[in-house]
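Notes follow once the structure below has been shown.
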Amino acid sequence: MLDPDDPPELQVAKQAKIIDALVRRANRQKDVGPSAFRAFQSAIELRQRVMEQSRDLERATTELESARYEREQTRKSLVKALSSMEEGFALFTDGQLNLCNDLFQAIFPDDAELVMPGLDLARFFTLIQNSRQFVSSDRGVSNMLDTLERNCYSGMVSSEVIELVGDCWYKLSAQYTSSENVVILLTDITSVVRRNRDEKETLIDRQEDYLQAVFQNMSSGLCTFSAKAEIMMHNARFREILDLPHPMLHARMPVQGLLDLMRARGLIKADDELKVGKWQHELKNRGWLRKRVRDGADRVLDVQANQLPDGGFLVELKDVTLEARATETLENRVMERTAELTRANEKLIQEYEEKARVEEALRVAKERAEAAVSSKTRFLAAASHDLLQPINAAKLMISTLIEITRDTELHVMMDRLDGAFGSAEQLLHSLLDISRLETADPDTVSPTNVSLASVIAGIHGDQALVAEKKNVRLDVVSCSGFVHSDPVYLLRSIQNLVVNAIQYTDPGGRVLVGCRRLGDKVVVQVWDTGIGIARKDQARVFEEFTRAENVPFGSGMGLGLSVVDRACRLLGHKLSLRSKPGVGSVFSIEMDRVEADRGAMEPLDLLPHSDDVPMDHIVLVIENDKDVLFGTTLWLEQNGASVLPAHSTKEAMQFVTDMGMPPDIILADYQLDDGDTGVNAIRQIREMTQTHVAAILITADRSESLRSAGLRHDISVMTKPVKLSRLRPLIVWKVRRGMTGQSIDIDKSRR
């Protein structure tokens with residue numbers, strides 16, 4: 001019955017009419033029943049609620065009037081505050097002027113009546129440009145509106161410096177404070193601009209005075225010419241060098257006139273080189289020229305001209321007469337001295353020719369000796385791969401035959417054959433090591449941080465069975481230190497010392513390997529209770545093919561200690577020996593100690609060393625030598641592996657394609673046919689299978705570049721002939737680490 005949108009007065013009137021009608025209806029009834037009384041009571045409650053709503057409405061109306069009043073007061077206060085500002089201020093809302101202060105209108109008096117609320121923002125920028133007060137701006141007021149629109153949502157301030165008549169300068173700044181509001185400020189920077197201009201002019205005047213003083217007091221004669229080849233300015237030294245009076249040398253004088261005057265006074269001789277046209281042509285082509293001329297008084301002048309940006313040129317004159325004379329005198333003395341030396345040299349040549357005939361025979365003999373040694377060294381260095389390949393293949397096949405004949409009568413013979421091949425391998429390693437250490441190749445040794453614990457543990461694992469067979473007790477004291485050395489030759493040196501100690505210790509004896517710390521040094525020592533070395537032989541035992549007198553015949557070629565000595569000298573390690581015949585010997589290697597480097601820990605320390613570890617893996621073997629491939633395959637299959645033998649990368653990738661899955665591990669030779677490498681083969685298989693397949697590179701190459709390649713591609717590197725006691729646990733370890741998704745470290749010191 002009541003419309004809530006009606007004014008409160010109308011709602012109250014309607015409610016009063018409803019109440020009156022209800023009262024009259026109640027009075028007309030003859031008796032007042034309970035229903036009529038309830039209706040009357042409801043009317044009374046309705047009237048009370050209407051009165052409460054009316055009071056609430058009156059309070060809301062009062063608050064609204066108060067808010068309007070406060071808003072108007074705030075607007076007036078804002079206008080007063082803007083009027084007191086020292087900057088012109090304007091607020092544009094939805095692209096139209098909302099309010100501004102008086103200063104904003106007064107800056108452009110000819111357009112003041114147009115700068116009123118409702119003015120369009122684009123129109124405002126147009127008024128500025130068309131105003132009679134506007135002179136210029138640094139980038140253009142017309143582009144300011146586009147810049148402001150581009151920065152609408154970034155809140156960046158767009159500014160422009162404008163110049164007005166009367167040398168007045170303002171900074172015009174505009175910024176979006178919200179999506180619909182734009183604030184524009186006009187800041188008077190006239191005093192700043194004028195002060196900067198005065199400072200700049202003062203600085204220019206000072207620089208001009210300074211340059212003028214420098215120009216006039218230079219030791220060289222200077223003269224500038226215009227593009228028309230006329231004199232512009234010169235210093236006093238220029239007149240002094242040319243010996244010309246002041247009136248004769250004046251501004252706007254042509255260069256040709258200056259040259260004619262100098263010829264007439266006998267200062268210079270006629271010379272085609274002094275033609276102005278030729279000078280200008282050379283300056284135009286090169287931008288500079290320099291000549292040395294002689295004047296009539298036998299003076300020597302150094303003339304240098306440089307092109308100026310406006311097309312003119314700067315000429316610098318130097319009197320170098322004394323310098324020229326000194327140079328001539330020096331040249332004459334040099335010629336005389338050269339003649340004397342030539343005569344002396346001729347005499348010496350005669351003497352040398354006589355001596356040369358005597359020395360020629362010696363030189364030829366020396367060259368023959370050096371050629372023989374060099375030929376031997378080059379042969380051993382170049383043939384290492386070919387020499388190690390058949391031994392590697394033989395070791396693989398002998399290892400397999402030992403397992404096959406373990407319970408037969410041939411086992412003893414195969415065991416001895418394995419020992420014979422081990423001796424041949426040791427001898428070949430010694431020869432190759434000596435060959436490498438004799439060369440000047442910088443890649444022969446590559447010092448790095450090496451864990452002594454890993455090196456000594458590996459040697460113990462290799463030599464424990466040998467010592468056990470001879471009934472010699474081999475003890476190793478654990479060492480946790482790190483040294484700076486070449487991992488390959490350090491391992492070889494300590495191993496040679498241990499092998500010699502076991503070899504020359506009688507059954508029932510003892511060999512001890514350990515290390516001591518001495519300040520910043522670490523000393524690795526190998527003790528034995530062997531036959532000992534006499535004092536007279538202790539200096540000789542480190543020479544090739546030399547043994548002590550008490551060494552039994554057939555005990556070796558005497559190369560092991562020579563390799564140790566050469567390696568230690570090349571690495572800067574100190575090698576020493578203490579020995580007494582019948583008591584034993586102590587060999588020591590002293591090295592620099594370094595801080596612990598966990599990155600240098602070798603993965604072989606974590607590998608199982610028992611032979612009963614199952615090796616039921618799929619192994620991809622890539623080897624171009626058929627004998628090595630056959631021996632490797634036979635040995636792997638004997639140990640329970642499934643083998644994919646491939647002669648090349650192409651054949652290996654075909655195996656993987658046919659199998660439809662990556663192998664568990666890849667064993668690859670480094671040098672393959674047609675320039676291919678095992679590193680490239682491993683990389684291609686990993687890319688094709690999209691799997692980081694575990695890989696071991698087996699090679700005769702011991703260079704640092706190959707080690708670095710293995711490190712980059714996460715490939716372990718082992719050298720030929722491979723030690724099967726290390727290969728088997730390394731295969732198992734790498735496969736297990738690959739299955740757990742862990743990264744594989746590179747085996748650096750057991751290659």
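Ligands are numbered from 1 in the order shown, residues from 1 within each chain, and chains are lettered A, B, ... in the order they appear in the structure tokens.
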Per residue of range 445-474 of chain A within 9 Å of range 486-499 of chain A, note the shortest atom pair and the distance in Å to one decimal, counting only C-alpha atoms, and order the rows by chain and increasing residue number, as a Markdown table.
```
| residue | atom | partner | partner_atom | distance |
| --- | --- | --- | --- | --- |
| A:Val445 | CA | A:Asp486 | CA | 5.9 |
| A:Ser446 | CA | A:Asp486 | CA | 5.2 |
| A:Pro447 | CA | A:Asp486 | CA | 4.1 |
| A:Thr448 | CA | A:Asp486 | CA | 6.0 |
| A:Asn449 | CA | A:Asp486 | CA | 8.1 |
| A:Val450 | CA | A:Pro487 | CA | 6.1 |
| A:Ser451 | CA | A:Pro487 | CA | 8.7 |
| A:Val455 | CA | A:Leu491 | CA | 6.0 |
| A:Ile456 | CA | A:Leu491 | CA | 8.0 |
| A:Gly458 | CA | A:Leu491 | CA | 8.6 |
| A:Ile459 | CA | A:Gln495 | CA | 6.1 |
| A:His460 | CA | A:Gln495 | CA | 9.0 |
| A:Asp462 | CA | A:Gln495 | CA | 8.9 |
| A:Gln463 | CA | A:Val499 | CA | 7.4 |
| A:Val466 | CA | A:Val499 | CA | 8.8 |
| A:Ala467 | CA | A:Val499 | CA | 9.0 |
```
Residue selection dump (C-alpha atoms) as a PDB file, in the first residue's frame:
```
ATOM      1  CA  VAL A 445     100.915 -34.582 -16.643  1.00  0.00           C
ATOM      2  CA  SER A 446      97.803 -32.744 -15.465  1.00  0.00           C
ATOM      3  CA  PRO A 447      98.009 -31.913 -11.740  1.00  0.00           C
ATOM      4  CA  THR A 448      94.725 -31.644  -9.844  1.00  0.00           C
ATOM      5  CA  ASN A 449      93.409 -32.277  -6.330  1.00  0.00           C
ATOM      6  CA  VAL A 450      93.707 -36.008  -5.597  1.00  0.00           C
ATOM      7  CA  SER A 451      92.318 -38.024  -2.668  1.00  0.00           C
ATOM      8  CA  VAL A 455      94.559 -43.939  -4.465  1.00  0.00           C
ATOM      9  CA  ILE A 456      95.851 -46.075  -1.616  1.00  0.00           C
ATOM     10  CA  GLY A 458      92.788 -48.846  -5.069  1.00  0.00           C
ATOM     11  CA  ILE A 459      96.387 -50.016  -4.806  1.00  0.00           C
ATOM     12  CA  HIS A 460      95.500 -52.232  -1.863  1.00  0.00           C
ATOM     13  CA  ASP A 462      94.967 -54.511  -6.791  1.00  0.00           C
ATOM     14  CA  GLN A 463      97.950 -55.889  -4.875  1.00  0.00           C
ATOM     15  CA  VAL A 466      99.475 -60.764  -5.205  1.00  0.00           C
ATOM     16  CA  ALA A 467     100.787 -60.319  -1.672  1.00  0.00           C
TER      17      ALA A 467
END
```
Query raised in the report: as a PyMOL selection string, which residues of range 148-295 of chain A does DSSP assign to strand (DSSP E or B)?
Result: chain A and resi 158-164+168-176+181-188+221-225+230-234+254+268+288-295
I need the chosen residues saved as a tab-separated table (two decimals), in the first residue's frame, with C-alpha atoms.
```tsv
chain	number	residue	atom	x	y	z
A	158	SER	CA	55.08	13.39	-19.17
A	159	SER	CA	56.99	16.68	-19.13
A	160	GLU	CA	57.97	19.37	-21.64
A	161	VAL	CA	60.00	22.57	-21.32
A	162	ILE	CA	58.31	25.49	-23.08
A	163	GLU	CA	59.56	29.00	-23.78
A	164	LEU	CA	57.24	32.01	-23.59
A	168	CYS	CA	60.17	33.12	-19.69
A	169	TRP	CA	60.50	29.36	-19.25
A	170	TYR	CA	58.03	26.86	-17.82
A	171	LYS	CA	58.06	23.13	-17.24
A	172	LEU	CA	54.77	21.60	-18.36
A	173	SER	CA	54.11	18.29	-16.51
A	174	ALA	CA	51.09	16.01	-16.95
A	175	GLN	CA	50.20	12.73	-15.22
A	176	TYR	CA	47.25	10.37	-14.96
A	181	ASN	CA	41.80	12.21	-13.70
A	182	VAL	CA	44.74	14.08	-15.25
A	183	VAL	CA	46.80	16.61	-13.27
A	184	ILE	CA	48.74	19.32	-15.14
A	185	LEU	CA	51.40	21.51	-13.50
A	186	LEU	CA	53.08	24.59	-14.97
A	187	THR	CA	56.32	25.28	-13.04
A	188	ASP	CA	58.26	28.52	-13.56
A	221	GLY	CA	103.73	27.73	-34.72
A	222	LEU	CA	99.98	27.47	-35.33
A	223	CYS	CA	97.81	29.06	-37.97
A	224	THR	CA	94.20	28.33	-38.92
A	225	PHE	CA	92.82	28.78	-42.43
A	230	GLU	CA	92.47	32.45	-46.04
A	231	ILE	CA	94.26	33.10	-42.72
A	232	MET	CA	91.90	33.27	-39.75
A	233	MET	CA	94.23	33.43	-36.74
A	234	HIS	CA	97.83	32.61	-35.82
A	254	PRO	CA	95.33	33.87	-48.82
A	268	ILE	CA	111.65	28.86	-48.96
A	288	TRP	CA	95.77	15.33	-42.74
A	289	LEU	CA	99.25	15.68	-44.28
A	290	ARG	CA	102.77	15.98	-42.98
A	291	LYS	CA	105.88	17.16	-44.82
A	292	ARG	CA	109.41	18.18	-43.98
A	293	VAL	CA	110.85	21.07	-46.06
A	294	ARG	CA	114.04	23.14	-46.07
A	295	ASP	CA	113.97	26.92	-46.25
```
Query raised in the report: Running DSSP on the backbone, which parts of range 641-716 of chain A land in helix (DSSP H, G or I), as a ChimeraX atom specification?
Result: /A:649-659,673-675,678-689,704-712
Query - Coordinates-based distance that separates CA of Val157 in chain A from CA of Asn143 in chain A (Å, one decimal) - result: 13.9 Å
